[in-house]
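Here the structure comes first, spelled out in structure tokens, and everything after it is commentary.
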Amino acid sequence: MPDTADIHLFSYGTLQLESVQLASFGRRLDGQPDTLQGYTCTMVEITDPDVLATSGQRFHPIVRRSDHATDEVQGMVFRITAEELAAADRYEVADYQRVQVRLASGLDAWVYVKA
């Protein structure tokens, strides 16, 4: 594969599911636990039939920046390729937008937050 896995993607939700990873990326991602600081997590109802079929879940977590720096969201950080990042973009519905953040570990990563 000419596209190297040099992009960090932080997931706090369904992108951690093996079924979603296999459907979106064609492989199970290896990751490590990390923390997104200064954000809180709520749920959003998903109506996109493809995403519902892939995740098997009607409600998905969604994060937004918090007014409290001590708020944090636990998740996993994965190393992915640019092609896989594009696949993640296709999976996420319009409720989400991709932004770059610095995680508690010091890694810079992409994450999907409330649009």
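Labels for the structure tokens follow display order: chains A, B, ..., residues from 1 in each chain, ligands from 1.
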
Margin query: When DSSP is applied to the backbone of this structure, which of chain A are assigned helix (DSSP H, G or I)? Write them out as a ChimeraX atom specification.
Written below: /A:14-16,18-25,49-55,82-91

What would the file look like if the residues just selected were written as a PDB file, in the first residue's frame with C-alpha atoms?
```
ATOM      1  CA  THR A  14     -18.415   3.913  16.841  1.00  0.00           C
ATOM      2  CA  LEU A  15     -15.134   4.144  14.921  1.00  0.00           C
ATOM      3  CA  GLN A  16     -13.804   1.912  17.714  1.00  0.00           C
ATOM      4  CA  GLU A  18     -14.673  -3.732  14.719  1.00  0.00           C
ATOM      5  CA  SER A  19     -17.728  -3.866  12.423  1.00  0.00           C
ATOM      6  CA  VAL A  20     -17.376  -0.170  11.558  1.00  0.00           C
ATOM      7  CA  GLN A  21     -13.624  -0.473  11.024  1.00  0.00           C
ATOM      8  CA  LEU A  22     -13.978  -3.480   8.730  1.00  0.00           C
ATOM      9  CA  ALA A  23     -16.760  -1.813   6.721  1.00  0.00           C
ATOM     10  CA  SER A  24     -14.986   1.554   6.498  1.00  0.00           C
ATOM     11  CA  PHE A  25     -11.299   0.600   6.283  1.00  0.00           C
ATOM     12  CA  PRO A  49     -29.515   4.156   6.813  1.00  0.00           C
ATOM     13  CA  ASP A  50     -25.970   3.206   5.766  1.00  0.00           C
ATOM     14  CA  VAL A  51     -24.456   4.383   9.065  1.00  0.00           C
ATOM     15  CA  LEU A  52     -27.247   2.675  11.013  1.00  0.00           C
ATOM     16  CA  ALA A  53     -26.587  -0.580   9.156  1.00  0.00           C
ATOM     17  CA  THR A  54     -22.827  -0.347   9.692  1.00  0.00           C
ATOM     18  CA  SER A  55     -22.856   0.611  13.375  1.00  0.00           C
ATOM     19  CA  ALA A  82      -4.929   9.421   4.144  1.00  0.00           C
ATOM     20  CA  GLU A  83      -7.169   7.011   2.229  1.00  0.00           C
ATOM     21  CA  GLU A  84      -8.601   5.713   5.511  1.00  0.00           C
ATOM     22  CA  LEU A  85      -9.166   9.276   6.763  1.00  0.00           C
ATOM     23  CA  ALA A  86     -11.195   9.932   3.596  1.00  0.00           C
ATOM     24  CA  ALA A  87     -13.188   6.754   4.348  1.00  0.00           C
ATOM     25  CA  ALA A  88     -13.863   8.010   7.889  1.00  0.00           C
ATOM     26  CA  ASP A  89     -15.089  11.300   6.395  1.00  0.00           C
ATOM     27  CA  ARG A  90     -17.552   9.342   4.241  1.00  0.00           C
ATOM     28  CA  TYR A  91     -18.787   7.389   7.286  1.00  0.00           C
TER      29      TYR A  91
END
```

Next item on the list: Name all residues at most 9 Å from Pro61 of chain A (count only C-alpha atoms; drop same-chain ones fewer than 6 positions away) and give them as a list in words.
Entry: Tyr12, Gly13, Thr14, Cys41, Thr42, Met43, Val44 and Glu45 of chain A

I'd like the neighbourhood of Val101 of chain A as a tab-separated table (two decimals) with N, CA, C and O atoms, in the first residue's frame, where a residue qualifies if any of its atoms comes within 8 Å (using only C-alpha atoms), though same-chain residues fewer than 6 positions away should be ignored.
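selection02.tsv was written with the following content:
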```tsv
chain	number	residue	atom	x	y	z
A	36	LEU	N	-9.13	13.22	25.22
A	36	LEU	CA	-9.40	14.52	24.61
A	36	LEU	C	-9.82	15.46	25.73
A	36	LEU	O	-10.87	15.26	26.35
A	108	ASP	N	-0.90	15.05	18.10
A	108	ASP	CA	-1.88	15.82	17.33
A	108	ASP	C	-2.69	14.81	16.54
A	108	ASP	O	-2.13	13.91	15.90
A	109	ALA	N	-4.03	14.94	16.59
A	109	ALA	CA	-4.89	13.96	15.95
A	109	ALA	C	-6.13	14.64	15.39
A	109	ALA	O	-6.53	15.72	15.86
A	110	TRP	N	-6.73	14.00	14.40
A	110	TRP	CA	-8.03	14.41	13.91
A	110	TRP	C	-9.09	13.80	14.79
A	110	TRP	O	-8.92	12.68	15.29
A	111	VAL	N	-10.20	14.53	14.98
A	111	VAL	CA	-11.33	14.01	15.73
A	111	VAL	C	-12.60	14.61	15.12
A	111	VAL	O	-12.56	15.73	14.57
```

Checklist line | Residue contacts of Arg65 of chain A (7 Å, only C-alpha atoms) excluding same-chain residues fewer than 2 positions away, as a PyMOL selection string | finding: chain A and resi 38-40+63+67

Check: Quick one: distance from atom CA of Val73 of chain A to atom CA of Thr35 of chain A in Å, one decimal?
Finding: 5.7 Å

Residue neighbourhood Ile80 of chain A, 8 Å, only C-alpha atoms, exclusion window fewer than 5 positions, as a PDB file with N, CA and C atoms, in the first residue's frame:
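Produced file part14.pdb, reproduced below:
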```
ATOM      1  N   THR A   4       1.020   5.572   3.475  1.00  0.00           N
ATOM      2  CA  THR A   4       1.482   5.115   4.782  1.00  0.00           C
ATOM      3  C   THR A   4       0.555   5.568   5.893  1.00  0.00           C
ATOM      4  N   ALA A   5       0.534   4.782   6.966  1.00  0.00           N
ATOM      5  CA  ALA A   5      -0.327   5.071   8.115  1.00  0.00           C
ATOM      6  C   ALA A   5       0.390   6.063   9.035  1.00  0.00           C
ATOM      7  N   ASP A   6       0.324   7.337   8.693  1.00  0.00           N
ATOM      8  CA  ASP A   6       1.037   8.348   9.473  1.00  0.00           C
ATOM      9  C   ASP A   6       0.108   9.449   9.986  1.00  0.00           C
ATOM     10  N   ILE A   7      -1.184   9.181   9.975  1.00  0.00           N
ATOM     11  CA  ILE A   7      -2.188  10.136  10.455  1.00  0.00           C
ATOM     12  C   ILE A   7      -2.789   9.576  11.732  1.00  0.00           C
ATOM     13  N   HIS A   8      -2.979  10.437  12.733  1.00  0.00           N
ATOM     14  CA  HIS A   8      -3.618  10.017  13.980  1.00  0.00           C
ATOM     15  C   HIS A   8      -5.094  10.396  13.939  1.00  0.00           C
ATOM     16  N   LEU A   9      -5.942   9.455  14.293  1.00  0.00           N
ATOM     17  CA  LEU A   9      -7.383   9.672  14.388  1.00  0.00           C
ATOM     18  C   LEU A   9      -7.831   9.265  15.781  1.00  0.00           C
ATOM     19  N   LEU A  29      -8.325  -1.715  13.136  1.00  0.00           N
ATOM     20  CA  LEU A  29      -7.292  -0.750  13.478  1.00  0.00           C
ATOM     21  C   LEU A  29      -6.656  -1.083  14.825  1.00  0.00           C
ATOM     22  N   LEU A  85      -8.555   8.052   6.238  1.00  0.00           N
ATOM     23  CA  LEU A  85      -9.166   9.276   6.763  1.00  0.00           C
ATOM     24  C   LEU A  85     -10.314   9.717   5.851  1.00  0.00           C
TER      25      LEU A  85
END
```

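Distances here use only C-alpha atoms; by that measure, the residue among A:Asp30, A:Arg64, A:Gln37, A:Ala69 closest to Ser105 of chain A is A:Gln37.
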
Check: At what distance in Å, to one decimal, does atom CA of Thr81 of chain A lie from atom CA of Leu103 of chain A?
Finding: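 Separation between atom CA of Leu103 of chain A and atom CA of Thr81 of chain A: 18.9 Å.
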
Check: What lies within 8 Å of Val113 of chain A using only C-alpha atoms, ignoring chain neighbours under 3 positions off, as a ChimeraX atom specification?
Finding: /A:62-64,96-99

Save the residues we just selected, all heavy atoms, as a short mmCIF file (atom, residue, chain, number, x, y, z; two decimals), in the first residue's frame?
```cif
data_model
loop_
_atom_site.label_atom_id
_atom_site.label_comp_id
_atom_site.auth_asym_id
_atom_site.auth_seq_id
_atom_site.Cartn_x
_atom_site.Cartn_y
_atom_site.Cartn_z
N ILE A 62 -21.26 12.14 20.53
CA ILE A 62 -20.73 13.30 19.81
C ILE A 62 -20.14 14.25 20.83
O ILE A 62 -20.69 14.39 21.93
CB ILE A 62 -21.83 13.98 18.95
CG1 ILE A 62 -21.24 14.99 17.98
CG2 ILE A 62 -22.92 14.60 19.82
CD1 ILE A 62 -22.21 15.43 16.88
N VAL A 63 -19.00 14.84 20.51
CA VAL A 63 -18.34 15.73 21.47
C VAL A 63 -18.41 17.17 20.99
O VAL A 63 -18.53 17.45 19.80
CB VAL A 63 -16.86 15.34 21.73
CG1 VAL A 63 -16.76 13.95 22.34
CG2 VAL A 63 -16.02 15.45 20.49
N ARG A 64 -18.34 18.06 21.97
CA ARG A 64 -18.25 19.49 21.69
C ARG A 64 -17.31 20.10 22.71
O ARG A 64 -17.15 19.58 23.81
CB ARG A 64 -19.61 20.17 21.73
CG ARG A 64 -20.19 20.26 23.12
CD ARG A 64 -21.43 21.10 23.20
NE ARG A 64 -22.49 20.44 22.46
CZ ARG A 64 -23.66 20.99 22.18
NH1 ARG A 64 -23.94 22.18 22.61
NH2 ARG A 64 -24.57 20.34 21.52
N TYR A 96 -21.36 15.90 12.28
CA TYR A 96 -19.97 15.91 12.70
C TYR A 96 -19.11 16.72 11.74
O TYR A 96 -19.36 16.74 10.54
CB TYR A 96 -19.40 14.48 12.72
CG TYR A 96 -20.06 13.57 13.72
CD1 TYR A 96 -21.22 12.88 13.40
CD2 TYR A 96 -19.50 13.36 14.97
CE1 TYR A 96 -21.82 12.01 14.30
CE2 TYR A 96 -20.09 12.49 15.89
CZ TYR A 96 -21.24 11.83 15.55
OH TYR A 96 -21.83 10.98 16.45
N GLN A 97 -18.07 17.33 12.29
CA GLN A 97 -17.03 17.94 11.46
C GLN A 97 -15.68 17.48 12.00
O GLN A 97 -15.52 17.25 13.20
CB GLN A 97 -17.11 19.45 11.45
CG GLN A 97 -16.82 20.11 12.78
CD GLN A 97 -16.88 21.63 12.69
OE1 GLN A 97 -16.95 22.20 11.61
NE2 GLN A 97 -16.85 22.27 13.83
N ARG A 98 -14.72 17.36 11.11
CA ARG A 98 -13.39 16.90 11.52
C ARG A 98 -12.51 18.10 11.85
O ARG A 98 -12.40 19.03 11.06
CB ARG A 98 -12.76 16.06 10.41
CG ARG A 98 -11.38 15.56 10.74
CD ARG A 98 -10.90 14.48 9.79
NE ARG A 98 -11.08 14.72 8.39
CZ ARG A 98 -10.16 15.26 7.59
NH1 ARG A 98 -9.01 15.69 8.06
NH2 ARG A 98 -10.40 15.39 6.30
N VAL A 99 -11.87 18.05 13.04
CA VAL A 99 -10.95 19.10 13.46
C VAL A 99 -9.69 18.44 14.01
O VAL A 99 -9.71 17.28 14.42
CB VAL A 99 -11.56 20.03 14.54
CG1 VAL A 99 -12.80 20.74 14.01
CG2 VAL A 99 -11.88 19.27 15.82
#
```
